[in-house]
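Text of structure.pdb (PDB, C-alpha atoms and all ligand atoms) as supplied:
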ATOM      1  CA  MET A   1      -3.732  -2.856 -15.110
ATOM      2  CA  LYS A   2      -3.109  -5.790 -12.850
ATOM      3  CA  ILE A   3      -3.199  -5.261  -9.093
ATOM      4  CA  THR A   4      -1.989  -7.683  -6.415
ATOM      5  CA  PHE A   5      -2.668  -7.142  -2.737
ATOM      6  CA  LEU A   6       0.662  -8.198  -1.184
ATOM      7  CA  GLY A   7      -0.588  -7.512   2.344
ATOM      8  CA  THR A   8      -3.869  -6.324   3.858
ATOM      9  CA  GLY A   9      -3.227  -6.291   7.614
ATOM     10  CA  THR A  10      -2.630  -3.562  10.158
ATOM     11  CA  SER A  11       0.781  -2.839  11.649
ATOM     12  CA  VAL A  12       1.010  -5.969  13.850
ATOM     13  CA  GLY A  13      -0.247  -8.334  11.148
ATOM     14  CA  ILE A  14      -2.782 -11.138  11.706
ATOM     15  CA  PRO A  15      -2.476 -13.428  13.595
ATOM     16  CA  VAL A  16      -1.239 -11.080  16.287
ATOM     17  CA  ILE A  17       1.655 -12.491  18.316
ATOM     18  CA  GLY A  18       0.311 -14.151  21.478
ATOM     19  CA  CYS A  19      -3.376 -13.594  20.658
ATOM     20  CA  ASP A  20      -5.985 -16.362  21.102
ATOM     21  CA  CYS A  21      -8.944 -14.508  19.602
ATOM     22  CA  ARG A  22     -11.105 -16.342  17.083
ATOM     23  CA  VAL A  23      -9.803 -14.335  14.100
ATOM     24  CA  CYS A  24      -6.159 -14.959  15.023
ATOM     25  CA  GLN A  25      -6.977 -18.665  15.518
ATOM     26  CA  SER A  26      -9.188 -18.883  12.393
ATOM     27  CA  GLN A  27      -8.604 -21.597   9.799
ATOM     28  CA  ASP A  28      -9.819 -19.260   7.016
ATOM     29  CA  PRO A  29      -6.642 -18.286   5.098
ATOM     30  CA  ARG A  30      -8.202 -14.892   4.324
ATOM     31  CA  ASN A  31      -7.866 -14.088   8.038
ATOM     32  CA  ARG A  32      -4.059 -14.289   7.800
ATOM     33  CA  ARG A  33      -2.833 -10.851   6.845
ATOM     34  CA  TRP A  34       0.660  -9.579   6.168
ATOM     35  CA  ARG A  35       1.446  -5.898   6.565
ATOM     36  CA  SER A  36      -0.233  -3.719   3.919
ATOM     37  CA  SER A  37       1.319  -3.263   0.485
ATOM     38  CA  LEU A  38       0.135  -3.176  -3.132
ATOM     39  CA  TYR A  39       1.808  -4.232  -6.393
ATOM     40  CA  LEU A  40       0.573  -2.814  -9.690
ATOM     41  CA  GLU A  41       1.553  -3.556 -13.288
ATOM     42  CA  ALA A  42       0.416  -1.652 -16.359
ATOM     43  CA  GLY A  43       1.907  -1.166 -19.810
ATOM     44  CA  GLY A  44       5.089  -2.983 -18.783
ATOM     45  CA  THR A  45       5.677  -0.759 -15.708
ATOM     46  CA  HIS A  46       5.778  -2.425 -12.289
ATOM     47  CA  ILE A  47       5.103  -0.285  -9.210
ATOM     48  CA  LEU A  48       5.365  -1.381  -5.594
ATOM     49  CA  ILE A  49       3.475   0.718  -3.028
ATOM     50  CA  ASP A  50       5.191   0.488   0.358
ATOM     51  CA  THR A  51       7.891  -1.991   1.371
ATOM     52  CA  SER A  52       6.217  -3.770   4.244
ATOM     53  CA  LEU A  53       7.919  -5.648   7.056
ATOM     54  CA  ASP A  54       6.762  -8.781   5.229
ATOM     55  CA  PHE A  55       8.024  -7.753   1.782
ATOM     56  CA  ARG A  56      10.426 -10.661   1.296
ATOM     57  CA  GLU A  57       7.762 -13.295   1.973
ATOM     58  CA  GLN A  58       5.259 -11.366  -0.120
ATOM     59  CA  ALA A  59       7.636 -11.143  -3.085
ATOM     60  CA  LEU A  60       8.340 -14.868  -2.897
ATOM     61  CA  ARG A  61       4.769 -16.086  -2.452
ATOM     62  CA  PHE A  62       3.075 -13.711  -4.878
ATOM     63  CA  ARG A  63       5.974 -13.648  -7.351
ATOM     64  CA  VAL A  64       7.082 -10.061  -7.755
ATOM     65  CA  PRO A  65       9.275 -10.287 -10.878
ATOM     66  CA  ARG A  66      10.536  -6.699 -10.977
ATOM     67  CA  VAL A  67      10.153  -3.304  -9.311
ATOM     68  CA  ASP A  68      10.530  -0.277 -11.588
ATOM     69  CA  ALA A  69       9.635   2.172  -8.819
ATOM     70  CA  VAL A  70       8.580   2.222  -5.187
ATOM     71  CA  LEU A  71       5.953   4.610  -3.833
ATOM     72  CA  ILE A  72       5.893   5.100  -0.072
ATOM     73  CA  THR A  73       2.689   6.295   1.620
ATOM     74  CA  HIS A  74       4.359   7.269   4.917
ATOM     75  CA  SER A  75       7.230   6.334   7.194
ATOM     76  CA  HIS A  76       5.527   4.089   9.765
ATOM     77  CA  ALA A  77       7.488   0.899  10.390
ATOM     78  CA  ASP A  78       4.881  -1.445   8.886
ATOM     79  CA  HIS A  79       5.174   0.373   5.536
ATOM     80  CA  ILE A  80       8.933   0.816   5.174
ATOM     81  CA  PHE A  81      10.917  -1.828   7.021
ATOM     82  CA  GLY A  82      11.134  -4.161   4.023
ATOM     83  CA  LEU A  83      13.002  -1.510   2.033
ATOM     84  CA  ASP A  84      16.363  -3.223   2.326
ATOM     85  CA  ASP A  85      15.085  -6.228   0.325
ATOM     86  CA  ILE A  86      14.643  -4.032  -2.756
ATOM     87  CA  ARG A  87      18.393  -4.561  -3.319
ATOM     88  CA  ARG A  88      17.575  -7.910  -4.897
ATOM     89  CA  TYR A  89      15.863  -6.016  -7.736
ATOM     90  CA  ASN A  90      18.963  -3.856  -8.196
ATOM     91  CA  THR A  91      20.767  -7.079  -8.987
ATOM     92  CA  ILE A  92      17.989  -8.563 -11.151
ATOM     93  CA  GLN A  93      17.448  -5.368 -13.143
ATOM     94  CA  GLY A  94      20.979  -3.959 -13.040
ATOM     95  CA  SER A  95      19.688  -0.492 -12.237
ATOM     96  CA  ILE A  96      19.101   2.075  -9.508
ATOM     97  CA  ILE A  97      15.463   2.065  -8.360
ATOM     98  CA  PRO A  98      13.567   5.312  -7.644
ATOM     99  CA  VAL A  99      11.625   5.643  -4.388
ATOM    100  CA  TYR A 100       8.952   8.352  -4.415
ATOM    101  CA  ALA A 101       7.503   9.884  -1.258
ATOM    102  CA  SER A 102       6.589  13.179   0.396
ATOM    103  CA  PRO A 103       9.453  15.474   1.491
ATOM    104  CA  GLY A 104       8.893  14.517   5.148
ATOM    105  CA  THR A 105       8.868  10.797   4.350
ATOM    106  CA  VAL A 106      12.021  11.095   2.231
ATOM    107  CA  ALA A 107      13.746  12.805   5.176
ATOM    108  CA  ASP A 108      12.683   9.942   7.457
ATOM    109  CA  LEU A 109      13.857   7.314   4.935
ATOM    110  CA  LYS A 110      17.266   8.976   4.565
ATOM    111  CA  ARG A 111      17.661   9.072   8.343
ATOM    112  CA  ILE A 112      16.445   5.524   9.027
ATOM    113  CA  PHE A 113      18.244   3.983   6.030
ATOM    114  CA  SER A 114      21.296   6.223   6.175
ATOM    115  CA  TYR A 115      23.506   3.432   4.770
ATOM    116  CA  ILE A 116      21.614   3.416   1.468
ATOM    117  CA  ASN A 117      23.112   5.380  -1.399
ATOM    118  CA  THR A 118      23.513   5.138  -5.119
ATOM    119  CA  ASN A 119      27.323   5.164  -5.278
ATOM    120  CA  LEU A 120      28.626   1.945  -3.897
ATOM    121  CA  PRO A 121      32.387   1.676  -3.930
ATOM    122  CA  GLU A 122      32.803  -1.726  -2.264
ATOM    123  CA  PRO A 123      32.493  -4.723  -4.581
ATOM    124  CA  GLY A 124      30.582  -7.584  -2.985
ATOM    125  CA  VAL A 125      28.669  -5.320  -0.615
ATOM    126  CA  PHE A 126      25.018  -5.637  -1.494
ATOM    127  CA  ARG A 127      23.380  -2.522  -0.180
ATOM    128  CA  PRO A 128      20.259  -1.194  -1.877
ATOM    129  CA  ARG A 129      20.860   1.314  -4.644
ATOM    130  CA  LEU A 130      17.884   3.630  -4.375
ATOM    131  CA  GLU A 131      17.221   7.171  -5.493
ATOM    132  CA  PHE A 132      14.903   8.966  -3.074
ATOM    133  CA  LYS A 133      12.621  11.421  -4.873
ATOM    134  CA  GLU A 134      10.444  14.009  -3.155
ATOM    135  CA  GLU A 135       7.104  14.322  -4.917
ATOM    136  CA  THR A 136       4.152  16.518  -4.079
ATOM    137  CA  GLY A 137       1.862  16.271  -7.087
ATOM    138  CA  VAL A 138       1.540  14.501 -10.416
ATOM    139  CA  PHE A 139       4.454  12.569 -11.916
ATOM    140  CA  THR A 140       4.953   9.702 -14.317
ATOM    141  CA  VAL A 141       6.569   6.335 -13.767
ATOM    142  CA  GLY A 142       7.008   4.591 -17.112
ATOM    143  CA  ALA A 143       3.556   4.098 -18.590
ATOM    144  CA  ILE A 144       1.717   5.083 -15.396
ATOM    145  CA  THR A 145       0.668   8.556 -14.224
ATOM    146  CA  VAL A 146       0.862   8.873 -10.446
ATOM    147  CA  GLU A 147      -0.705  11.542  -8.259
ATOM    148  CA  ALA A 148       0.357  11.968  -4.617
ATOM    149  CA  LEU A 149      -2.624  13.056  -2.522
ATOM    150  CA  PRO A 150      -2.302  14.074   1.154
ATOM    151  CA  VAL A 151      -4.488  12.359   3.745
ATOM    152  CA  VAL A 152      -4.648  12.814   7.535
ATOM    153  CA  HIS A 153      -3.117   9.958   9.579
ATOM    154  CA  GLY A 154      -2.132  11.399  12.953
ATOM    155  CA  LYS A 155       0.969  13.575  12.948
ATOM    156  CA  THR A 156       2.790  11.590  10.266
ATOM    157  CA  GLU A 157       2.837  13.147   6.808
ATOM    158  CA  THR A 158       0.902  10.617   4.721
ATOM    159  CA  TYR A 159      -0.022  10.221   1.067
ATOM    160  CA  GLY A 160      -2.624   8.278  -0.770
ATOM    161  CA  TYR A 161      -1.901   7.587  -4.422
ATOM    162  CA  ARG A 162      -3.989   7.746  -7.557
ATOM    163  CA  LEU A 163      -2.605   5.760 -10.496
ATOM    164  CA  ASP A 164      -3.840   6.230 -14.063
ATOM    165  CA  TRP A 165      -3.094   4.249 -17.175
ATOM    166  CA  GLU A 166      -4.835   4.548 -20.554
ATOM    167  CA  GLY A 167      -8.078   5.846 -19.050
ATOM    168  CA  TRP A 168      -8.171   3.396 -16.151
ATOM    169  CA  SER A 169      -7.630   4.521 -12.572
ATOM    170  CA  VAL A 170      -6.926   3.140  -9.113
ATOM    171  CA  GLY A 171      -6.864   4.898  -5.729
ATOM    172  CA  TYR A 172      -4.869   3.513  -2.784
ATOM    173  CA  VAL A 173      -5.137   4.866   0.783
ATOM    174  CA  PRO A 174      -4.169   2.205   3.326
ATOM    175  CA  ASP A 175      -3.754   4.538   6.323
ATOM    176  CA  CYS A 176      -6.005   7.505   6.991
ATOM    177  CA  LYS A 177      -8.165   9.066   9.676
ATOM    178  CA  THR A 178      -9.736  11.701   7.465
ATOM    179  CA  MET A 179      -9.445  12.743   3.836
ATOM    180  CA  PRO A 180      -9.208  16.415   2.823
ATOM    181  CA  GLU A 181     -11.939  17.497   0.422
ATOM    182  CA  ALA A 182      -9.403  18.244  -2.348
ATOM    183  CA  THR A 183      -8.008  14.712  -2.091
ATOM    184  CA  LEU A 184     -11.470  13.166  -2.069
ATOM    185  CA  LYS A 185     -12.322  15.051  -5.257
ATOM    186  CA  ARG A 186      -9.294  13.543  -7.018
ATOM    187  CA  PHE A 187     -10.424  10.016  -6.158
ATOM    188  CA  GLU A 188     -14.016  10.561  -7.290
ATOM    189  CA  GLY A 189     -15.085   8.107  -9.959
ATOM    190  CA  VAL A 190     -11.924   5.958 -10.050
ATOM    191  CA  ASP A 191     -12.402   2.416 -11.320
ATOM    192  CA  VAL A 192     -11.030   0.829  -8.141
ATOM    193  CA  MET A 193     -10.708   2.512  -4.737
ATOM    194  CA  ILE A 194      -8.779   0.828  -1.924
ATOM    195  CA  LEU A 195      -9.229   2.360   1.518
ATOM    196  CA  ASP A 196      -8.238   1.901   5.167
ATOM    197  CA  GLY A 197     -10.815  -0.316   6.933
ATOM    198  CA  LEU A 198      -9.112  -0.942  10.269
ATOM    199  CA  ARG A 199     -12.067  -1.797  12.550
ATOM    200  CA  HIS A 200     -15.459  -0.603  13.857
ATOM    201  CA  ARG A 201     -14.157   0.956  17.091
ATOM    202  CA  THR A 202     -12.692   4.444  16.829
ATOM    203  CA  HIS A 203      -8.912   4.797  16.626
ATOM    204  CA  PRO A 204      -6.847   7.992  16.979
ATOM    205  CA  THR A 205      -5.174   7.723  13.558
ATOM    206  CA  HIS A 206      -7.371   5.362  11.501
ATOM    207  CA  ILE A 207     -10.849   5.679  10.057
ATOM    208  CA  THR A 208     -13.683   3.375  11.200
ATOM    209  CA  ILE A 209     -15.391   0.979   8.802
ATOM    210  CA  GLU A 210     -18.549   3.095   8.998
ATOM    211  CA  ALA A 211     -16.691   6.295   8.084
ATOM    212  CA  ALA A 212     -14.783   4.445   5.350
ATOM    213  CA  LEU A 213     -18.061   3.305   3.781
ATOM    214  CA  GLU A 214     -19.360   6.879   3.825
ATOM    215  CA  LEU A 215     -16.205   8.070   2.074
ATOM    216  CA  LEU A 216     -16.418   5.258  -0.452
ATOM    217  CA  THR A 217     -20.011   6.206  -1.257
ATOM    218  CA  ARG A 218     -18.890   9.759  -1.977
ATOM    219  CA  ILE A 219     -15.920   8.584  -4.056
ATOM    220  CA  GLY A 220     -18.227   6.354  -6.074
ATOM    221  CA  ALA A 221     -15.663   3.931  -7.498
ATOM    222  CA  LYS A 222     -16.887   1.091  -9.677
ATOM    223  CA  ARG A 223     -15.324  -1.327  -7.167
ATOM    224  CA  SER A 224     -14.182  -0.553  -3.608
ATOM    225  CA  TYR A 225     -11.911  -2.564  -1.299
ATOM    226  CA  LEU A 226     -11.107  -2.312   2.409
ATOM    227  CA  THR A 227      -7.532  -3.014   3.511
ATOM    228  CA  HIS A 228      -5.245  -2.594   6.587
ATOM    229  CA  LEU A 229      -7.666  -4.627   8.745
ATOM    230  CA  CYS A 230      -7.093  -5.562  12.379
ATOM    231  CA  HIS A 231      -8.055  -8.775  14.170
ATOM    232  CA  ASP A 232     -11.450  -7.383  15.247
ATOM    233  CA  LEU A 233     -12.693  -8.287  11.767
ATOM    234  CA  ASP A 234     -13.446 -11.751  10.441
ATOM    235  CA  HIS A 235     -13.183 -11.691   6.640
ATOM    236  CA  GLU A 236     -16.433 -13.516   5.809
ATOM    237  CA  GLU A 237     -18.573 -11.851   8.481
ATOM    238  CA  THR A 238     -17.343  -8.393   7.502
ATOM    239  CA  GLN A 239     -17.906  -9.069   3.803
ATOM    240  CA  GLU A 240     -21.553  -9.977   4.485
ATOM    241  CA  THR A 241     -22.210  -6.526   5.968
ATOM    242  CA  LEU A 242     -20.808  -4.520   3.033
ATOM    243  CA  PRO A 243     -22.850  -2.787   0.320
ATOM    244  CA  PRO A 244     -22.752  -3.965  -3.334
ATOM    245  CA  SER A 245     -19.437  -3.548  -5.191
ATOM    246  CA  THR A 246     -17.574  -3.161  -1.881
ATOM    247  CA  PHE A 247     -15.256  -5.932  -0.760
ATOM    248  CA  VAL A 248     -12.835  -6.935   1.966
ATOM    249  CA  ALA A 249      -9.401  -7.384   0.386
ATOM    250  CA  CYS A 250      -7.195 -10.319   1.327
ATOM    251  CA  ASP A 251      -3.543 -11.182   0.785
ATOM    252  CA  GLY A 252      -2.865 -12.444  -2.718
ATOM    253  CA  LEU A 253      -6.091 -11.073  -4.176
ATOM    254  CA  THR A 254      -5.539  -9.932  -7.767
ATOM    255  CA  LEU A 255      -7.690  -7.543  -9.783
ATOM    256  CA  THR A 256      -7.673  -6.651 -13.434
ATOM    257  CA  VAL A 257      -8.625  -3.067 -14.265
ATOM    258  CA  GLY A 258      -9.196  -2.505 -17.966
ATOM    259  CA  GLN A 259      -6.845  -4.672 -20.002
TER     260      GLN A 259
HETATM  261 ZN    ZN B   1      -0.057   1.087   8.467
HETATM  262 ZN    ZN B   2      -6.380 -11.724  17.742
HETATM  263 ZN    ZN B   3       0.529   4.302   9.499
END
Just dump the structure as structure tokens.
Amino acid sequence: MKITFLGTGTSVGIPVIGCDCRVCQSQDPRNRRWRSSLYLEAGGTHILIDTSLDFREQALRFRVPRVDAVLITHSHADHIFGLDDIRRYNTIQGSIIPVYASPGTVADLKRIFSYINTNLPEPGVFRPRLEFKEETGVFTVGAITVEALPVVHGKTETYGYRLDWEGWSVGYVPDCKTMPEATLKRFEGVDVMILDGLRHRTHPTHITIEAALELLTRIGAKRSYLTHLCHDLDHEETQETLPPSTFVACDGLTLTVGQ
């Protein structure tokens, strides 16, 4: 499996518009964060998790060659407002692209992107051709087994995803306040776990770094990564405080899991 972090920032991105703080003004490129999204390739299947507001720039800079399926964690703007740019892959691949999400998220997507459908009569009109699919459990996308796992992120119905391929596994939860016990159990022992690490101060819908580290200890992944950071956190300083095998993700970071 090959993983690319397309974005690792919270909803406003870093730098934050109009902010003079030292992280927003930092010269360290790891402190520049696009909105959170992950790209994963295994066995010839290419999965995009979330279509961030920055998707077009992410696809260009990090070279996203194809998208066989999109998984959406939840319908907050930072995770879905790049969806329209998926139409480019309709053209490249000559096919309709499935978009998997919870029933509530699919309802939101159909309302927000009401102009998207799979039957386009007008030649020369390049609207996305997407098939929205409600999923609540385990399903397969090409060579990859996907499991949708509910997490608590305010009132918005939100999923984390576990992805398995040939005995290798990855967990991805960019937005969460708390994790139900049943979900936590399904992430236990994954090879790579990627979790919300917004900031140290408490937030109504996001976990703190301290609580994230406790969860990661219980999950016990071989490697753990924090994502969806806000501008309270300098990359290098935060990394120095983390336990072994736990890392701050950054945009463009790639990981190989198994082959
Ligand atoms: Zn978010
Ligand atoms: Zn700032
Ligand atoms: Zn969110």
Shell around range 71-83 of chain A at 6 Å using all atoms listed in the file, local window under 2 positions removed, as a ChimeraX atom specification: /A:11,49-53,55,85-86,99-101,105,158-159
Residue nearest Ser36 in chain A - candidates A:Val170, A:Ala212, A:Leu195, A:Val138, atoms counted: only C-alpha atoms: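 When distances to Ser36 in chain A are compared using only C-alpha atoms, the smallest one comes from A:Leu195.
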Output of the PyMOL selection byres (((chain A and resi 139) around 12) and not hetatm), listed as a ChimeraX atom specification: /A:71,100-101,133-138,140-149,161-164
Interatomic distance, CA of Ala211 in chain A to CA of Glu157 in chain A (Å, one decimal): 20.7 Å
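For the residues A:Ala221, A:Phe126, A:Asp234, A:Met1, ranking by smallest atom-to-atom distance to ligand ZN 2 (chain B) using all atoms listed in the file places A:Asp234 first.
Put simply, the PyMOL selection byres (((chain A and resi 236) around 9) and not hetatm) in this file takes in Asp28, Arg30, Asn31, Leu233, Asp234, His235, Glu237, Thr238, Gln239, Glu240 and Val248 of chain A.
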Shell of 9 Å around ligand ZN 2 (chain B) (all atoms listed in the file), written as a PyMOL selection string: chain A and resi 14-25+230-232
Could you tell me which residues the PyMOL selection byres (((chain A and resi 153) around 8) and not hetatm) returns for this structure, as a short mmCIF file (atom, residue, chain, number, x, y, z; two decimals) with C-alpha atoms, in the frame of the given file?
data_model
loop_
_atom_site.label_atom_id
_atom_site.label_comp_id
_atom_site.auth_asym_id
_atom_site.auth_seq_id
_atom_site.Cartn_x
_atom_site.Cartn_y
_atom_site.Cartn_z
CA VAL A 151 -4.49 12.36 3.74
CA VAL A 152 -4.65 12.81 7.54
CA GLY A 154 -2.13 11.40 12.95
CA LYS A 155 0.97 13.58 12.95
CA THR A 156 2.79 11.59 10.27
CA GLU A 157 2.84 13.15 6.81
CA THR A 158 0.90 10.62 4.72
CA ASP A 175 -3.75 4.54 6.32
CA CYS A 176 -6.00 7.50 6.99
CA LYS A 177 -8.16 9.07 9.68
CA THR A 178 -9.74 11.70 7.46
CA THR A 205 -5.17 7.72 13.56
CA HIS A 206 -7.37 5.36 11.50
#
